[in-house]
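Here the structure is laid out as structure tokens; the discussion comes afterwards.
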Number of protein chains: 4
Amino acid sequence: MDLIGKYSYAGLTYLVWRGELPSNEQARMMDALLAVCIEHSLNAPSVDAVRFVASCGVPLQSAVSAGVSAFGDWHGGAIEQAAQVFQDGVKASQVGGRSLRATAEDMLSGYRKRGEKLPGYGHPTHTVDPRTKKLIEVANETKLRGAHLDLAEIIESLTEKYFQRHLILNVDGCMAAIISDMGFDWRIGKGFFIVSRAPGLVAHAYEQLYYDKPYKAPRWDEVVYTGPAERPIPGK
Amino acid sequence: MDLIGKYSYAGLTYLVWRGELPSNEQARMMDALLAVCIEHSLNAPSVDAVRFVASCGVPLQSAVSAGVSAFGDWHGGAIEQAAQVFQDGVKASQVGGRSLRATAEDMLSGYRKRGEKLPGYGHPTHTVDPRTKKLIEVANETKLRGAHLDLAEIIESLTEKYFQRHLILNVDGCMAAIISDMGFDWRIGKGFFIVSRAPGLVAHAYEQLYYDKPYKAPRWDEVVYTGPAERPIPGK
Amino acid sequence: MDLIGKYSYAGLTYLVWRGELPSNEQARMMDALLAVCIEHSLNAPSVDAVRFVASCGVPLQSAVSAGVSAFGDWHGGAIEQAAQVFQDGVKASQVGGRSLRATAEDMLSGYRKRGEKLPGYGHPTHTVDPRTKKLIEVANETKLRGAHLDLAEIIESLTEKYFQRHLILNVDGCMAAIISDMGFDWRIGKGFFIVSRAPGLVAHAYEQLYYDKPYKAPRWDEVVYTGPAERPIPGK
Amino acid sequence: MDLIGKYSYAGLTYLVWRGELPSNEQARMMDALLAVCIEHSLNAPSVDAVRFVASCGVPLQSAVSAGVSAFGDWHGGAIEQAAQVFQDGVKASQVGGRSLRATAEDMLSGYRKRGEKLPGYGHPTHTVDPRTKKLIEVANETKLRGAHLDLAEIIESLTEKYFQRHLILNVDGCMAAIISDMGFDWRIGKGFFIVSRAPGLVAHAYEQLYYDKPYKAPRWDEVVYTGPAERPIPGK
């Protein structure tokens with residue numbers, strides 16, 4: 001109880017996940033990391049799930065629960081995927097005694113050869129992601145940046161060479177690099193997304209429950225049927 | 001194991017819920033009850049929840065789970081609400097020694113006075129619900145119909161007198177009456193809807209996962225923002 | 001983006017839920033409110049749900065989602081119940097032009113007469129709840145306390161008179177009073193619990209997934225069967 | 001509607017999943033497949049999840065939904081894993097023009113070399129699984145058995161040669177082989193488990209909600225804490 005008031009909620013999240021109290025710098029970084037994806041809109045599938053479930057006459061937590069269940073590989077999953085890539089990369093660099101740049105070249109040539117998508121890079125609309133800029137600023141100020149963020153930026157600078165177009169380090173990738181520098185296991189990456197988005201899911205559930213119509217559903221004329229035409233039932 | 005092959009799956013559902021083996025008639029009725037809501041389309045919010053969650057890169061059961069969580073008061077909930085009404089009504093008739101018709105008149109005049117909606121009656125498009133007709137047919141043939149379905153039909157015949165328009169006994173109401181005649185507690189009414197719809201939710205999850213695009217979301221230009229206009233951040 | 005770094009994550013939660021930026025005092029109060037229930041252990045049913053689901057080979061968010069779905073009326077629900085009581089009480093006092101004390105006496109005599117449990121009061125082990133003390137301290141320092149917390153404390157002081165034993169204002173009741181003083185609708189009370197506990201659920205899911213055995217289940221000899229004895233299958 | 005009464009619920013599940021009406025034999029097989037895992041007890045983690053969530057004051061569907069979310073890779077997942085193995089095996093045999101036996105030997109030697117567990121084989125207690133026997137009986141009688149079940153049995157007969165002990169074809173493996181012979185995509189394997197177990201989850205949720213105590217949780221003295229001992233808070 002002595003912790004309340006002394007540490008921010010985000011700072012205590014660090015305690016719960018790491019078993020250690022955060023320094024002031026770590027607590028500040030946690031606040032920035034959790035704040036960065038707090039906002040979103042109906043064009044995220046988790047929010048649509050919340051809205052549809054909330055429209056059915058269920059308690060608030062049921063709708064939020066459905067939204068959380070939507071945080072799969074393609075919706076917030078890039079944080080853990082990218083964190084794994086960066087952690088493997090830094091480890092490989094240390095074990096092999098090679099520079100981060102040489103390691104990055106190896107990694108990118110592997111991705112190009114396998115035709116795989118690089119997690120944590122690229123954005124449909126942003127060419128500079130203001131959230132990334134801000135997170136890196138805080139990581140610099142708190143002196144928490146380290147080899148993982150360095151590697152992430154080197155990879156960004158090499159994307160044009162390997163993929164013919166510049167892929168920006170996006171917000172998932174940036175979070176991935178910073179939590180790696182903070183010593184988090186990549187497998188808790190999804191946790192950052194879950195906690196960060198929870199207030200937004202609650203807000204959407206609340207709005208749908210109390211300010212919107214029940215039983216939200218597309219109208220029949222909005223549904224496109226793609227199956228076979230009507231068929232006779234055999235033996236009739 | 002001796003039960004498999006001897007009893008249909010629906011018949012065994014009776015066993016699991018009641019602790020007694022069903023007669024052939026009860027098993028046949030269970031099959032009809034569970035079959036009657038197996039089909040539906042995208043214009044049910046549970047299905048939309050399944051679709052959005054499935055589009056996020058999650059396992060099949062996660063998407064189905066989100067759909068099940070949407071079976072709230074306004075989506076399948078009428079079965080238990082109507083079953084409670086019928087069970088209370090039949091009990092009141094027996095305790096008070098009054099006819100079902102007199103009881104029905106009391107009930108309807110209560111609903112009219114309180115301005116409440118009668119659960120299990122009315123349908124936006126059907127004037128005769130073919131599913132109801134079929135269920136009643138099976139209930140008659142299996143001789144499982146009893147006081148609850150009688151009461152349900154008497155109420156239907158009185159709706160015009162009390163509400164100025166004929167409200168048909170819909171499929172929820174019909175299921176409610178029949179499960180009451182079979183001796184089910186009204187509080188397991190939702191269970192019939194859950195089991196009945198489960199194959200449909202699975203089908204939608206499967207189709208979305210393997211035959212549709214990931215990350216299903218409305219486009220930005222489809223989202224209507226209703227909040228305040230952009231405001232300056234104080235102290236900037 | 002200008003908000004990140006300037007506002008804590010908890011402060012931004014205020015923005016997302018209210019549509020207004022918090023003052024420094026409101027942001028500080030939010031941090032204390034969300035911090036206060038961040039910690040818990042296996043003896044909360046939501047955590048057990050997380051643990052069992054996580055043991056089945058599912059992604060992290062599935063296990064957390066199951067935990068969130070457990071935040072029902074009896075698990076975190078007292079916040080919204082108590083907030084409703086306090087908001088109704090303060091409104092009644094203002095409308096009727098009666099003192100908070102007289103209003104509290106009316107309320108308590110109603111609860112006693114109806115034999116109902118007063119939400120937000122009493123604790124199985126604590127006689128003074130250190131979390132409550134802390135929250136009230138912050139509410140005093142930030143000058144956010146108002147009529148709702150006043151009413152809550154008056155009610156506490158009267159519990160012995162009406163219920164023959166002192167019932168402390170517990171942490172749920174205290175949160176309820178403070179969020180009411182901050183102007184939150186009681187119906188978003190569960191949201192505070194959800195966001196607050198989310199990091200804990202993530203930690204339990206993570207630990208179960210990566211540091212515990214799969215397929216967590218009670219052993220057969222721990223299950224107590226209370227049904228009928230083995231019966232013959234008719235017609236065999 | 002013409003289908004109700006004519007087809008069992010399990011038969012209509014075939015229609016919903018395949019888009020074709022089942023023959024009488026296919027419908028009978030569906031009933032056996034869905035019946036075979038309908039029963040279970042508290043020693044399945046999905047049931048524990050249902051029980052803990054149901055104890056929190058939530059609606060029935062929330063508890064069932066949490067149970068469904070627990071059907072992960074290690075809880076019902078063996079059906080789809082084994083079905084994939086059998087479908088790949090039969091395809092390899094057909095493409096390569098090799099006998100099922102030769103194919104089975106290739107597969108098993110691969111599993112042995114990679115040290116991988118063979119999905120669908122082995123059971124902690126049964127040496128003959130009565131459910132498997134029954135399912136195979138129905139598959140034989142309906143003449144639905146084919147190359148996949150043949151392959152599954154050949155593999156079983158070879159397990160001792162490759163793994164030094166006889167591993168029985170368990171119920172998951174048997175279901176996997178039969179649904180493969182029926183032409184189902186292995187990726188809908190989990191759907192059979194979900195639908196099959198749904199009535200059981202409903203029964204547990206109902207019993208917990210209405211016949212058991214709220215807020216089910218281990219007592220403090222049952223929780224074993226494995227973290228570090230109490231530490232001072234720095235700066236106090």
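Each chain of the structure tokens is named A, B, ... in the order shown, its residues numbered from 1; ligands are numbered from 1 in display order.
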What are the closest atom pairs, with distances in Å to one decimal, for all residues of chain A lying within 8 Å of chain D? Consider only C-alpha atoms, order rows by chain and residue number, and present the result as a tab-separated table.
```
residue	atom	partner	partner_atom	distance
A:Val58	CA	D:Pro59	CA	7.9
A:Pro59	CA	D:Val58	CA	7.9
A:Ser62	CA	D:Ser62	CA	6.8
```
Practice item. Would you list the contacts of Leu100 (chain B) as a VMD selection string, taking every protein, DNA or RNA residue within 6 Å and counting only C-alpha atoms, but skipping same-chain residues closer than 3 positions in sequence? Key: chain B and resid 103 to 104 151
Practice item. Identify, on the basis of only C-alpha atoms, every residue whose closest approach to Trp74 (chain B) does not exceed 9 Å; exclude the query and any residue fewer than 3 positions from it along the same chain; express the result as JSON, numbers by chain. Key: {"A": [55, 56, 57, 58, 214, 215], "B": [71, 77, 78]}
If you keep N, CA, C and O atoms, can you produce a file of those selected residues as an mmCIF file, in the first residue's frame?
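New file result-v2.cif:
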```cif
data_model
loop_
_atom_site.group_PDB
_atom_site.id
_atom_site.type_symbol
_atom_site.label_atom_id
_atom_site.label_comp_id
_atom_site.auth_asym_id
_atom_site.auth_seq_id
_atom_site.Cartn_x
_atom_site.Cartn_y
_atom_site.Cartn_z
ATOM 1 N N SER A 55 -23.987 -5.030 -27.860
ATOM 2 C CA SER A 55 -25.341 -4.717 -28.318
ATOM 3 C C SER A 55 -26.352 -5.799 -27.978
ATOM 4 O O SER A 55 -27.536 -5.675 -28.272
ATOM 5 N N CYS A 56 -25.874 -6.897 -27.382
ATOM 6 C CA CYS A 56 -26.731 -8.071 -27.191
ATOM 7 C C CYS A 56 -27.335 -8.181 -25.799
ATOM 8 O O CYS A 56 -27.947 -9.214 -25.479
ATOM 9 N N GLY A 57 -27.146 -7.178 -24.970
ATOM 10 C CA GLY A 57 -27.703 -7.283 -23.622
ATOM 11 C C GLY A 57 -26.832 -8.128 -22.721
ATOM 12 O O GLY A 57 -27.298 -9.104 -22.121
ATOM 13 N N VAL A 58 -25.565 -7.784 -22.633
ATOM 14 C CA VAL A 58 -24.619 -8.506 -21.780
ATOM 15 C C VAL A 58 -23.963 -7.489 -20.857
ATOM 16 O O VAL A 58 -23.986 -6.295 -21.135
ATOM 17 N N PRO A 214 -29.800 -1.508 -29.175
ATOM 18 C CA PRO A 214 -29.502 -2.930 -28.969
ATOM 19 C C PRO A 214 -29.543 -3.720 -30.280
ATOM 20 O O PRO A 214 -30.091 -3.249 -31.270
ATOM 21 N N TYR A 215 -28.958 -4.915 -30.211
ATOM 22 C CA TYR A 215 -28.973 -5.866 -31.333
ATOM 23 C C TYR A 215 -28.479 -5.235 -32.624
ATOM 24 O O TYR A 215 -29.201 -5.111 -33.609
ATOM 25 N N PHE B 71 -24.525 -14.170 -26.647
ATOM 26 C CA PHE B 71 -25.902 -14.655 -26.464
ATOM 27 C C PHE B 71 -26.486 -14.082 -25.183
ATOM 28 O O PHE B 71 -26.709 -14.783 -24.193
ATOM 29 N N GLY B 77 -31.978 -14.590 -25.510
ATOM 30 C CA GLY B 77 -32.421 -14.520 -24.120
ATOM 31 C C GLY B 77 -33.926 -14.678 -23.941
ATOM 32 O O GLY B 77 -34.401 -14.990 -22.844
ATOM 33 N N ALA B 78 -34.688 -14.473 -25.033
ATOM 34 C CA ALA B 78 -36.147 -14.554 -24.913
ATOM 35 C C ALA B 78 -36.613 -15.953 -24.526
ATOM 36 O O ALA B 78 -37.695 -16.115 -23.954
#
```
Practice item. May I ask which of the residues B:Val16, B:Leu167, B:Ile178, B:Val64 is the closest one to Lys117 (chain B), counting only C-alpha atoms? Key: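 Closest to Lys117 (chain B) of all the choices is B:Leu167.
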Review point. Which parts of region 85-172 of chain D does DSSP call helix (DSSP H, G or I) when run on the backbone here, written out as a PyMOL selection string?
Key: chain D and resi 85-96+100-114+130-141+147-163+171-172
Check your understanding: Counting only C-alpha atoms, what is within 9 Å of region 144-149 of chain A, bar same-chain residues fewer than 3 positions away, as a list of chain:residue names?
Key ->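 So the residues in contact are A:Glu25, A:Gln26, A:Met29, A:Ala83, A:Phe86, A:Gln87, A:Gly89, A:Val90, A:Leu100, A:Ile136, A:Val138, A:Ala139, A:Asn140, A:Glu141, A:Ala152, A:Glu153, A:Ile154, A:Cys174, A:Ala176, A:Ala177, A:Ile178, A:Ile179, A:Ser180, A:Asp181, A:Met182.
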**Study point:** Two-atom distance - CA of Tyr9 (chain A), CA of Leu34 (chain C) (Å)
**Key:**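 For CA of Tyr9 (chain A) relative to CA of Leu34 (chain C), the distance reads 6.0 Å.
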